$ cat run36.cif   # mmCIF, C-alpha atoms
data_entry
#
loop_
_atom_site.group_PDB
_atom_site.id
_atom_site.type_symbol
_atom_site.label_atom_id
_atom_site.label_comp_id
_atom_site.auth_asym_id
_atom_site.auth_seq_id
_atom_site.Cartn_x
_atom_site.Cartn_y
_atom_site.Cartn_z
ATOM 1 C CA MET A 1092 93.836 92.806 72.615
ATOM 2 C CA LYS A 1093 91.681 94.374 69.898
ATOM 3 C CA LYS A 1094 93.168 97.350 68.071
ATOM 4 C CA TYR A 1095 90.625 100.024 67.142
ATOM 5 C CA LYS A 1096 90.925 101.784 63.784
ATOM 6 C CA LEU A 1097 88.866 104.898 64.527
ATOM 7 C CA PHE A 1098 89.291 106.959 67.710
ATOM 8 C CA ILE A 1099 86.698 109.702 68.325
ATOM 9 C CA THR A 1100 87.190 111.929 71.355
ATOM 10 C CA ASP A 1101 85.554 114.880 73.022
ATOM 11 C CA TYR A 1102 87.847 117.878 73.410
ATOM 12 C CA ASP A 1103 87.373 119.791 76.680
ATOM 13 C CA GLY A 1104 88.205 117.657 79.690
ATOM 14 C CA THR A 1105 89.156 114.657 77.558
ATOM 15 C CA LEU A 1106 91.700 115.550 74.855
ATOM 16 C CA GLY A 1107 92.590 119.043 76.017
ATOM 17 C CA CYS A 1108 91.882 121.869 78.431
ATOM 18 C CA ARG A 1109 91.021 125.290 77.021
ATOM 19 C CA SER A 1110 93.579 125.663 74.204
ATOM 20 C CA VAL A 1111 96.164 123.238 75.615
ATOM 21 C CA ILE A 1112 96.874 119.661 74.497
ATOM 22 C CA GLU A 1113 99.668 118.035 76.493
ATOM 23 C CA PRO A 1114 102.793 117.193 74.415
ATOM 24 C CA ASP A 1115 102.795 113.444 75.158
ATOM 25 C CA THR A 1116 99.087 113.211 74.361
ATOM 26 C CA LEU A 1117 99.747 114.963 71.050
ATOM 27 C CA ALA A 1118 102.644 112.588 70.377
ATOM 28 C CA ALA A 1119 100.370 109.574 70.925
ATOM 29 C CA VAL A 1120 97.758 111.035 68.568
ATOM 30 C CA ASN A 1121 100.349 111.650 65.869
ATOM 31 C CA GLU A 1122 101.751 108.132 66.289
ATOM 32 C CA PHE A 1123 98.252 106.662 65.903
ATOM 33 C CA ILE A 1124 97.726 108.663 62.705
ATOM 34 C CA ALA A 1125 101.175 107.638 61.433
ATOM 35 C CA GLN A 1126 100.215 103.990 61.948
ATOM 36 C CA GLY A 1127 97.150 104.462 59.747
ATOM 37 C CA GLY A 1128 94.546 105.150 62.426
ATOM 38 C CA LYS A 1129 91.753 107.662 61.993
ATOM 39 C CA PHE A 1130 91.577 110.286 64.735
ATOM 40 C CA VAL A 1131 88.529 112.539 65.131
ATOM 41 C CA VAL A 1132 87.641 115.301 67.587
ATOM 42 C CA CYS A 1133 83.943 115.597 68.469
ATOM 43 C CA THR A 1134 83.041 118.697 70.464
ATOM 44 C CA GLY A 1135 80.256 121.072 71.361
ATOM 45 C CA ARG A 1136 82.509 124.007 70.491
ATOM 46 C CA MET A 1137 81.928 126.222 67.484
ATOM 47 C CA PHE A 1138 83.870 125.124 64.409
ATOM 48 C CA ASP A 1139 86.197 128.142 64.330
ATOM 49 C CA SER A 1140 87.083 127.621 67.990
ATOM 50 C CA ILE A 1141 88.127 123.977 67.692
ATOM 51 C CA LYS A 1142 89.699 124.483 64.251
ATOM 52 C CA ASN A 1143 92.022 127.160 65.618
ATOM 53 C CA ILE A 1144 93.172 124.904 68.456
ATOM 54 C CA LEU A 1145 93.757 121.785 66.358
ATOM 55 C CA THR A 1146 95.472 123.485 63.436
ATOM 56 C CA GLY A 1147 97.678 125.302 65.939
ATOM 57 C CA TYR A 1148 99.008 121.868 66.915
ATOM 58 C CA GLY A 1149 99.310 120.748 63.305
ATOM 59 C CA LEU A 1150 96.375 118.340 63.545
ATOM 60 C CA LYS A 1151 94.526 118.097 60.239
ATOM 61 C CA CYS A 1152 92.005 115.481 61.211
ATOM 62 C CA LEU A 1153 88.249 115.218 60.902
ATOM 63 C CA VAL A 1154 86.471 117.480 63.381
ATOM 64 C CA VAL A 1155 82.865 117.390 64.556
ATOM 65 C CA SER A 1156 81.598 120.665 66.026
ATOM 66 C CA TYR A 1157 78.378 121.951 67.606
ATOM 67 C CA GLN A 1158 77.884 118.465 69.153
ATOM 68 C CA GLY A 1159 77.401 116.881 65.735
ATOM 69 C CA ALA A 1160 75.677 119.514 63.604
ATOM 70 C CA VAL A 1161 78.795 120.134 61.494
ATOM 71 C CA ILE A 1162 81.585 117.816 60.318
ATOM 72 C CA ASP A 1163 84.714 119.116 58.557
ATOM 73 C CA ASP A 1164 87.886 117.599 57.148
ATOM 74 C CA LEU A 1165 90.713 119.893 58.216
ATOM 75 C CA SER A 1166 93.160 118.243 55.817
ATOM 76 C CA SER A 1167 91.124 119.126 52.717
ATOM 77 C CA GLY A 1168 89.087 122.026 54.056
ATOM 78 C CA ARG A 1169 85.946 120.239 52.890
ATOM 79 C CA ARG A 1170 82.687 120.302 54.824
ATOM 80 C CA ILE A 1171 81.338 116.751 55.026
ATOM 81 C CA PHE A 1172 78.059 117.394 56.816
ATOM 82 C CA SER A 1173 75.991 120.360 57.934
ATOM 83 C CA GLY A 1174 72.702 120.159 59.826
ATOM 84 C CA GLY A 1175 70.898 121.399 62.904
ATOM 85 C CA MET A 1176 67.455 121.987 64.334
ATOM 86 C CA ASP A 1177 64.611 123.390 62.228
ATOM 87 C CA TYR A 1178 64.587 127.173 62.491
ATOM 88 C CA LYS A 1179 60.911 127.283 63.472
ATOM 89 C CA LEU A 1180 61.545 125.009 66.464
ATOM 90 C CA ALA A 1181 64.678 126.991 67.316
ATOM 91 C CA ALA A 1182 62.698 130.233 67.297
ATOM 92 C CA GLU A 1183 60.027 128.702 69.548
ATOM 93 C CA VAL A 1184 62.577 127.417 72.060
ATOM 94 C CA THR A 1185 64.596 130.638 72.024
ATOM 95 C CA ALA A 1186 61.451 132.642 72.793
ATOM 96 C CA MET A 1187 60.881 130.434 75.866
ATOM 97 C CA LEU A 1188 64.478 130.696 77.037
ATOM 98 C CA LYS A 1189 64.507 134.476 76.779
ATOM 99 C CA LYS A 1190 62.045 134.521 79.674
ATOM 100 C CA GLU A 1191 64.561 132.840 81.980
ATOM 101 C CA ASP A 1192 66.973 134.763 84.158
ATOM 102 C CA ALA A 1193 70.006 133.639 82.166
ATOM 103 C CA ASP A 1194 72.061 134.506 79.087
ATOM 104 C CA VAL A 1195 71.070 132.851 75.812
ATOM 105 C CA ALA A 1196 73.169 132.482 72.659
ATOM 106 C CA VAL A 1197 72.097 130.935 69.357
ATOM 107 C CA ASP A 1198 74.336 129.493 66.638
ATOM 108 C CA ILE A 1199 72.682 130.206 63.286
ATOM 109 C CA GLY A 1200 74.877 128.531 60.728
ATOM 110 C CA GLU A 1201 78.310 129.527 62.023
ATOM 111 C CA THR A 1202 77.255 132.869 63.474
ATOM 112 C CA ARG A 1203 76.639 133.101 67.216
ATOM 113 C CA VAL A 1204 74.085 135.741 68.180
ATOM 114 C CA TYR A 1205 72.902 137.026 71.546
ATOM 115 C CA GLU A 1206 70.880 140.000 72.778
ATOM 116 C CA ARG A 1207 73.008 141.259 75.654
ATOM 117 C CA ARG A 1208 76.621 141.277 76.711
ATOM 118 C CA SER A 1209 77.326 139.731 80.102
ATOM 119 C CA GLU A 1210 80.086 138.305 82.231
ATOM 120 C CA PHE A 1211 79.113 134.817 81.085
ATOM 121 C CA ILE A 1212 79.177 135.774 77.396
ATOM 122 C CA ASP A 1213 82.518 137.556 77.796
ATOM 123 C CA THR A 1214 84.086 134.619 79.641
ATOM 124 C CA TYR A 1215 82.794 132.076 77.113
ATOM 125 C CA GLU A 1216 84.119 134.036 74.147
ATOM 126 C CA LYS A 1217 87.504 134.510 75.804
ATOM 127 C CA LEU A 1218 87.857 130.795 76.579
ATOM 128 C CA ALA A 1219 86.554 129.672 73.187
ATOM 129 C CA GLY A 1220 88.581 132.229 71.258
ATOM 130 C CA VAL A 1221 85.573 133.321 69.185
ATOM 131 C CA HIS A 1222 83.274 136.317 68.993
ATOM 132 C CA GLY A 1223 79.529 136.456 68.532
ATOM 133 C CA ARG A 1224 77.266 139.232 67.295
ATOM 134 C CA GLN A 1225 74.865 141.215 69.422
ATOM 135 C CA VAL A 1226 71.380 141.585 67.913
ATOM 136 C CA ALA A 1227 68.178 143.311 68.992
ATOM 137 C CA ASP A 1228 65.982 140.210 68.703
ATOM 138 C CA MET A 1229 67.313 136.637 68.412
ATOM 139 C CA VAL A 1230 63.927 135.197 67.480
ATOM 140 C CA LYS A 1231 63.577 137.665 64.612
ATOM 141 C CA GLU A 1232 67.125 136.855 63.515
ATOM 142 C CA ILE A 1233 66.319 133.129 63.411
ATOM 143 C CA THR A 1234 63.051 133.510 61.506
ATOM 144 C CA GLU A 1235 64.511 135.926 58.980
ATOM 145 C CA LYS A 1236 67.595 133.815 58.274
ATOM 146 C CA LYS A 1237 65.529 130.593 57.863
ATOM 147 C CA GLN A 1238 68.710 128.546 58.360
ATOM 148 C CA PRO A 1239 69.183 125.435 60.520
ATOM 149 C CA VAL A 1240 70.297 126.323 64.042
ATOM 150 C CA ALA A 1241 73.352 124.304 65.097
ATOM 151 C CA LYS A 1242 72.941 124.883 68.834
ATOM 152 C CA ILE A 1243 71.241 127.005 71.463
ATOM 153 C CA THR A 1244 73.189 127.704 74.637
ATOM 154 C CA ILE A 1245 72.250 129.027 78.063
ATOM 155 C CA LEU A 1246 75.109 130.476 80.129
ATOM 156 C CA ALA A 1247 74.496 130.780 83.865
ATOM 157 C CA ASN A 1248 75.830 129.866 87.292
ATOM 158 C CA PRO A 1249 76.080 126.110 88.046
ATOM 159 C CA GLN A 1250 72.979 125.975 90.243
ATOM 160 C CA LYS A 1251 70.871 127.762 87.633
ATOM 161 C CA VAL A 1252 72.287 125.480 84.944
ATOM 162 C CA LYS A 1253 71.280 122.424 86.972
ATOM 163 C CA GLU A 1254 67.733 123.739 87.401
ATOM 164 C CA LEU A 1255 67.296 124.715 83.749
ATOM 165 C CA THR A 1256 68.754 121.446 82.478
ATOM 166 C CA ALA A 1257 66.206 119.454 84.483
ATOM 167 C CA LYS A 1258 63.334 121.724 83.495
ATOM 168 C CA TYR A 1259 63.967 121.738 79.759
ATOM 169 C CA SER A 1260 65.064 118.108 79.538
ATOM 170 C CA ALA A 1261 61.542 117.213 80.670
ATOM 171 C CA LEU A 1262 59.809 119.901 78.625
ATOM 172 C CA LEU A 1263 61.619 119.234 75.340
ATOM 173 C CA LYS A 1264 62.394 115.517 75.647
ATOM 174 C CA ASP A 1265 60.551 114.650 72.419
ATOM 175 C CA LYS A 1266 62.037 117.538 70.442
ATOM 176 C CA LEU A 1267 65.625 118.328 71.440
ATOM 177 C CA LEU A 1268 68.536 116.946 73.429
ATOM 178 C CA VAL A 1269 69.336 119.078 76.463
ATOM 179 C CA ASN A 1270 72.744 118.534 78.088
ATOM 180 C CA ASN A 1271 75.862 120.203 79.446
ATOM 181 C CA GLY A 1272 79.322 120.697 77.997
ATOM 182 C CA ASP A 1273 80.359 122.530 81.144
ATOM 183 C CA LYS A 1274 78.898 123.288 84.571
ATOM 184 C CA ALA A 1275 78.066 126.805 83.345
ATOM 185 C CA LEU A 1276 76.357 125.718 80.107
ATOM 186 C CA VAL A 1277 73.019 124.243 79.075
ATOM 187 C CA GLU A 1278 73.087 123.133 75.447
ATOM 188 C CA PHE A 1279 70.167 122.361 73.126
ATOM 189 C CA VAL A 1280 70.798 120.327 69.963
ATOM 190 C CA SER A 1281 68.847 118.338 67.406
ATOM 191 C CA PRO A 1282 68.710 114.586 68.180
ATOM 192 C CA GLU A 1283 69.309 113.994 64.468
ATOM 193 C CA CYS A 1284 72.653 115.808 64.701
ATOM 194 C CA ASP A 1285 73.999 114.689 68.068
ATOM 195 C CA LYS A 1286 77.402 113.174 68.821
ATOM 196 C CA GLY A 1287 76.092 109.637 68.371
ATOM 197 C CA ALA A 1288 74.798 110.436 64.894
ATOM 198 C CA ALA A 1289 78.181 112.010 64.166
ATOM 199 C CA VAL A 1290 79.983 108.774 65.092
ATOM 200 C CA ARG A 1291 77.866 106.873 62.567
ATOM 201 C CA ARG A 1292 78.435 109.492 59.875
ATOM 202 C CA VAL A 1293 82.202 109.521 60.449
ATOM 203 C CA ALA A 1294 82.458 105.716 60.454
ATOM 204 C CA GLU A 1295 80.499 105.578 57.199
ATOM 205 C CA TYR A 1296 82.689 108.298 55.704
ATOM 206 C CA TYR A 1297 85.812 106.245 56.425
ATOM 207 C CA GLY A 1298 84.185 102.891 55.594
ATOM 208 C CA ILE A 1299 85.003 101.587 59.083
ATOM 209 C CA SER A 1300 82.764 99.178 61.008
ATOM 210 C CA LEU A 1301 81.334 100.448 64.298
ATOM 211 C CA ASP A 1302 83.018 97.435 65.918
ATOM 212 C CA ASP A 1303 86.334 99.119 65.102
ATOM 213 C CA VAL A 1304 85.401 102.438 66.755
ATOM 214 C CA ILE A 1305 86.421 103.650 70.221
ATOM 215 C CA THR A 1306 85.089 106.907 71.710
ATOM 216 C CA ALA A 1307 85.923 108.913 74.821
ATOM 217 C CA GLY A 1308 84.285 111.757 76.737
ATOM 218 C CA ASP A 1309 83.649 113.348 80.117
ATOM 219 C CA SER A 1310 80.405 115.383 80.115
ATOM 220 C CA THR A 1311 76.674 114.799 79.783
ATOM 221 C CA ASN A 1312 76.879 116.067 76.216
ATOM 222 C CA ASP A 1313 79.015 112.955 75.560
ATOM 223 C CA VAL A 1314 76.273 110.453 76.487
ATOM 224 C CA LYS A 1315 75.458 109.806 72.825
ATOM 225 C CA LEU A 1316 79.159 109.767 71.948
ATOM 226 C CA VAL A 1317 80.024 107.127 74.543
ATOM 227 C CA GLY A 1318 76.771 105.201 74.871
ATOM 228 C CA GLY A 1319 76.427 103.797 71.347
ATOM 229 C CA GLU A 1320 76.982 100.346 69.845
ATOM 230 C CA TRP A 1321 80.740 100.978 69.579
ATOM 231 C CA PHE A 1322 83.244 100.854 72.472
ATOM 232 C CA GLY A 1323 82.652 103.925 74.629
ATOM 233 C CA VAL A 1324 84.869 105.153 77.454
ATOM 234 C CA ALA A 1325 84.276 107.743 80.179
ATOM 235 C CA THR A 1326 87.130 109.551 81.878
ATOM 236 C CA GLY A 1327 87.679 108.787 85.552
ATOM 237 C CA ASP A 1328 86.314 112.192 86.556
ATOM 238 C CA ALA A 1329 83.398 112.154 84.112
ATOM 239 C CA ALA A 1330 79.804 113.025 84.929
ATOM 240 C CA GLU A 1331 78.022 110.163 86.685
ATOM 241 C CA GLU A 1332 75.381 110.080 83.960
ATOM 242 C CA LEU A 1333 78.111 109.372 81.416
ATOM 243 C CA LYS A 1334 79.786 106.693 83.505
ATOM 244 C CA LYS A 1335 76.498 104.776 83.596
ATOM 245 C CA VAL A 1336 76.466 104.308 79.799
ATOM 246 C CA ALA A 1337 80.209 103.722 79.309
ATOM 247 C CA ASP A 1338 81.765 100.337 78.501
ATOM 248 C CA GLU A 1339 84.818 101.355 80.515
ATOM 249 C CA ILE A 1340 85.815 104.066 82.968
ATOM 250 C CA THR A 1341 89.411 105.082 82.447
ATOM 251 C CA VAL A 1342 91.876 107.457 84.094
ATOM 252 C CA PRO A 1343 90.882 111.057 84.979
ATOM 253 C CA TYR A 1344 91.842 113.997 82.794
ATOM 254 C CA LYS A 1345 94.983 114.809 84.798
ATOM 255 C CA ASP A 1346 96.353 111.379 83.840
ATOM 256 C CA LYS A 1347 95.857 111.982 80.100
ATOM 257 C CA PRO A 1348 93.024 109.608 79.147
ATOM 258 C CA VAL A 1349 93.438 109.961 75.377
ATOM 259 C CA LYS A 1350 97.105 109.029 75.559
ATOM 260 C CA TYR A 1351 96.280 106.168 77.917
ATOM 261 C CA LEU A 1352 93.540 104.772 75.674
ATOM 262 C CA LEU A 1353 95.566 105.118 72.483
ATOM 263 C CA GLU A 1354 98.435 103.177 74.043
ATOM 264 C CA LYS A 1355 96.077 100.557 75.470
ATOM 265 C CA TYR A 1356 93.781 99.975 72.514
ATOM 266 C CA CYS A 1357 95.185 101.490 69.329
ATOM 267 C CA LEU A 1358 98.964 101.661 69.053
ATOM 268 C CA ASP A 1359 101.230 98.797 67.980
#

$ encode --input "run36.cif" --output "C-alpha cells"
Amino acid sequence: MKKYKLFITDYDGTLGCRSVIEPDTLAAVNEFIAQGGKFVVCTGRMFDSIKNILTGYGLKCLVVSYQGAVIDDLSSGRRIFSGGMDYKLAAEVTAMLKKEDADVAVDIGETRVYERRSEFIDTYEKLAGVHGRQVADMVKEITEKKQPVAKITILANPQKVKELTAKYSALLKDKLLVNNGDKALVEFVSPECDKGAAVRRVAEYYGISLDDVITAGDSTNDVKLVGGEWFGVATGDAAEELKKVADEITVPYKDKPVKYLLEKYCLD
C-alpha cells in the first residue's frame, strides 16, 4: 500500500475537539514525524488560537490558519505565506452582512473586529481561546487599515446559518468562497487563499509531489482541502457535501480518524 509523505488535516472534528487532541492520536502524529513524514494542520481558526493548542501539545509543525490565508512554521516561527481578500471587496461584503440579523466578525490581518458583543461572540471567543476588538464601524476599520482581510465570519443559530450560507453562496459565487466550519458559522474567504491553495503551497514548500499528499476533513470548509488532485478523505460523520468530493470516507471522529489514517497510509 502506498505510503504518503505529507499529511494535511483539518483541526476541529478531525484532529481534535476544542483544545483536546487524544493521546493515541498525538502519539501517531509524533511517530509519523519521527519517521520523516510532514504533518500539517489546516484550519479556519485564527492563527493564535490554533498555535496555542498545537504548541501546548509540543507540536511544532506547519500550520495553515484562516482557511488558507496564512501559513506559519511553528518550528522556526517563520511566516511562509500571508494573503486574504482585497480590502475593498471585504468592505463591500461586510456592509451587506451588517444588514442581516446576525453577528459579524472580520479578521483584518490577525486582528478580529466586531461591532457588538453577543452570546455568539462570547461563546466563539471562549472556545477559540482568543479575543477580538469591538469597534464602532467595521467597514470604516477595513477601509482605513487597507490590509487584506483573512476571513469574514457570521455567527448565528444553525437555521439562520443555513439560510445565509445558501443566500451568499449564490450572491458571491464569482467573488468569494462561502462555507461553514461549524453549524453556527458562515465563513467568507478568498478563493485564492482557500484550503486547496494552501495544500499546493505547502507541497511546494516541502518539495513533495501532490501524489504523495493525503488530506482529511469533516466540514464544508474542507471541500477544497479534500477535493483536490491529491488523496482526500472525509471523516465518517462529515458533511454530505464533503463526502461527495472525497476519495475515501473513513471512520467518524469518535474513532480517531487521523490516527486511523496515519496507521493505514503513512506509518511503517

$ resolve_selection --input "run36.cif" --expression "the PyMOL selection byres ((chain A and resi 1177-1188) around 9)" --output "JSON, numbers by chain"
{"A": [1175, 1176, 1189, 1190, 1191, 1192, 1193, 1194, 1195, 1196, 1197, 1199, 1229, 1230, 1231, 1232, 1233, 1234, 1236, 1237, 1238, 1239, 1240, 1242, 1243, 1245, 1263, 1266, 1281]}

$ resolve_selection --input "run36.cif" --expression "the PyMOL selection byres ((chain A and resi 1354) around 12)" --output "VMD selection string"
chain A and resid 1092 to 1095 1098 1115 to 1116 1118 to 1123 1347 to 1353 1355 to 1359

$ closest_residue --input "run36.cif" --among "A:Asp1303, A:Asp1309, A:Glu1295, A:Glu1201" --to "Lys1274 in chain A" --atoms "only C-alpha atoms"
A:Asp1309

$ atom_distance --input "run36.cif" --atom1 "CA of Leu1276 in chain A" --atom2 "CA of Phe1322 in chain A"
26.9 Å

$ atom_distance --input "run36.cif" --atom1 "CA of Phe1130 in chain A" --atom2 "CA of Ala1337 in chain A"
19.6 Å

$ resolve_selection --input "run36.cif" --expression "the PyMOL selection byres ((chain A and resi 1172) around 10)" --output "ChimeraX atom specification"
/A:1155,1159-1164,1169-1171,1173-1174,1284,1289,1292-1293

$ residues_around --input "run36.cif" --residues "Cys1152 in chain A" --least-positions-apart "4" --cutoff "8 Å" --atoms "only C-alpha atoms" --output "PDB file with C-alpha atoms, in the frame of the given file"
ATOM      1  CA  LYS A1129      91.753 107.662  61.993  1.00  0.00           C
ATOM      2  CA  PHE A1130      91.577 110.286  64.735  1.00  0.00           C
ATOM      3  CA  VAL A1131      88.529 112.539  65.131  1.00  0.00           C
ATOM      4  CA  VAL A1132      87.641 115.301  67.587  1.00  0.00           C
ATOM      5  CA  ASP A1164      87.886 117.599  57.148  1.00  0.00           C
ATOM      6  CA  LEU A1165      90.713 119.893  58.216  1.00  0.00           C
ATOM      7  CA  SER A1166      93.160 118.243  55.817  1.00  0.00           C
TER       8      SER A1166
END

$ atom_distance --input "run36.cif" --atom1 "CA of Thr1341 in chain A" --atom2 "CA of Leu1117 in chain A"
18.3 Å

$ axis_aligned_box --input "run36.cif" --around "range 1329-1345 of chain A" --padding-each-side "4 Å" --output "JSON"
{"center_x": 85.2, "center_y": 107.6, "center_z": 82.6, "size_x": 27.6, "size_y": 22.5, "size_z": 16.2}

$ closest_residue --input "run36.cif" --among "A:Ala1307, A:Ala1330, A:Val1317, A:Val1324" --to "Asn1271 in chain A" --atoms "all atoms listed in the file"
A:Ala1330

$ closest_residue --input "run36.cif" --among "A:Glu1320, A:Glu1283, A:Asp1346, A:Glu1331" --to "Asp1265 in chain A" --atoms "all atoms listed in the file"
A:Glu1283

$ closest_residue --input "run36.cif" --among "A:Val1204, A:Val1154, A:Val1280, A:Leu1106" --to "Ser1260 in chain A" --atoms "only C-alpha atoms"
A:Val1280

$ residues_around --input "run36.cif" --residues "Asp1139 in chain A" --least-positions-apart "2" --cutoff "10 Å" --atoms "all atoms listed in the file" --output "NGL selection string"
:A and (1136-1137 or 1141-1144 or 1156 or 1201 or 1219-1222)

$ closest_residue --input "run36.cif" --among "A:Gly1308, A:Pro1114, A:Ala1247, A:Arg1224" --to "Glu1210 in chain A" --atoms "all atoms listed in the file"
A:Ala1247
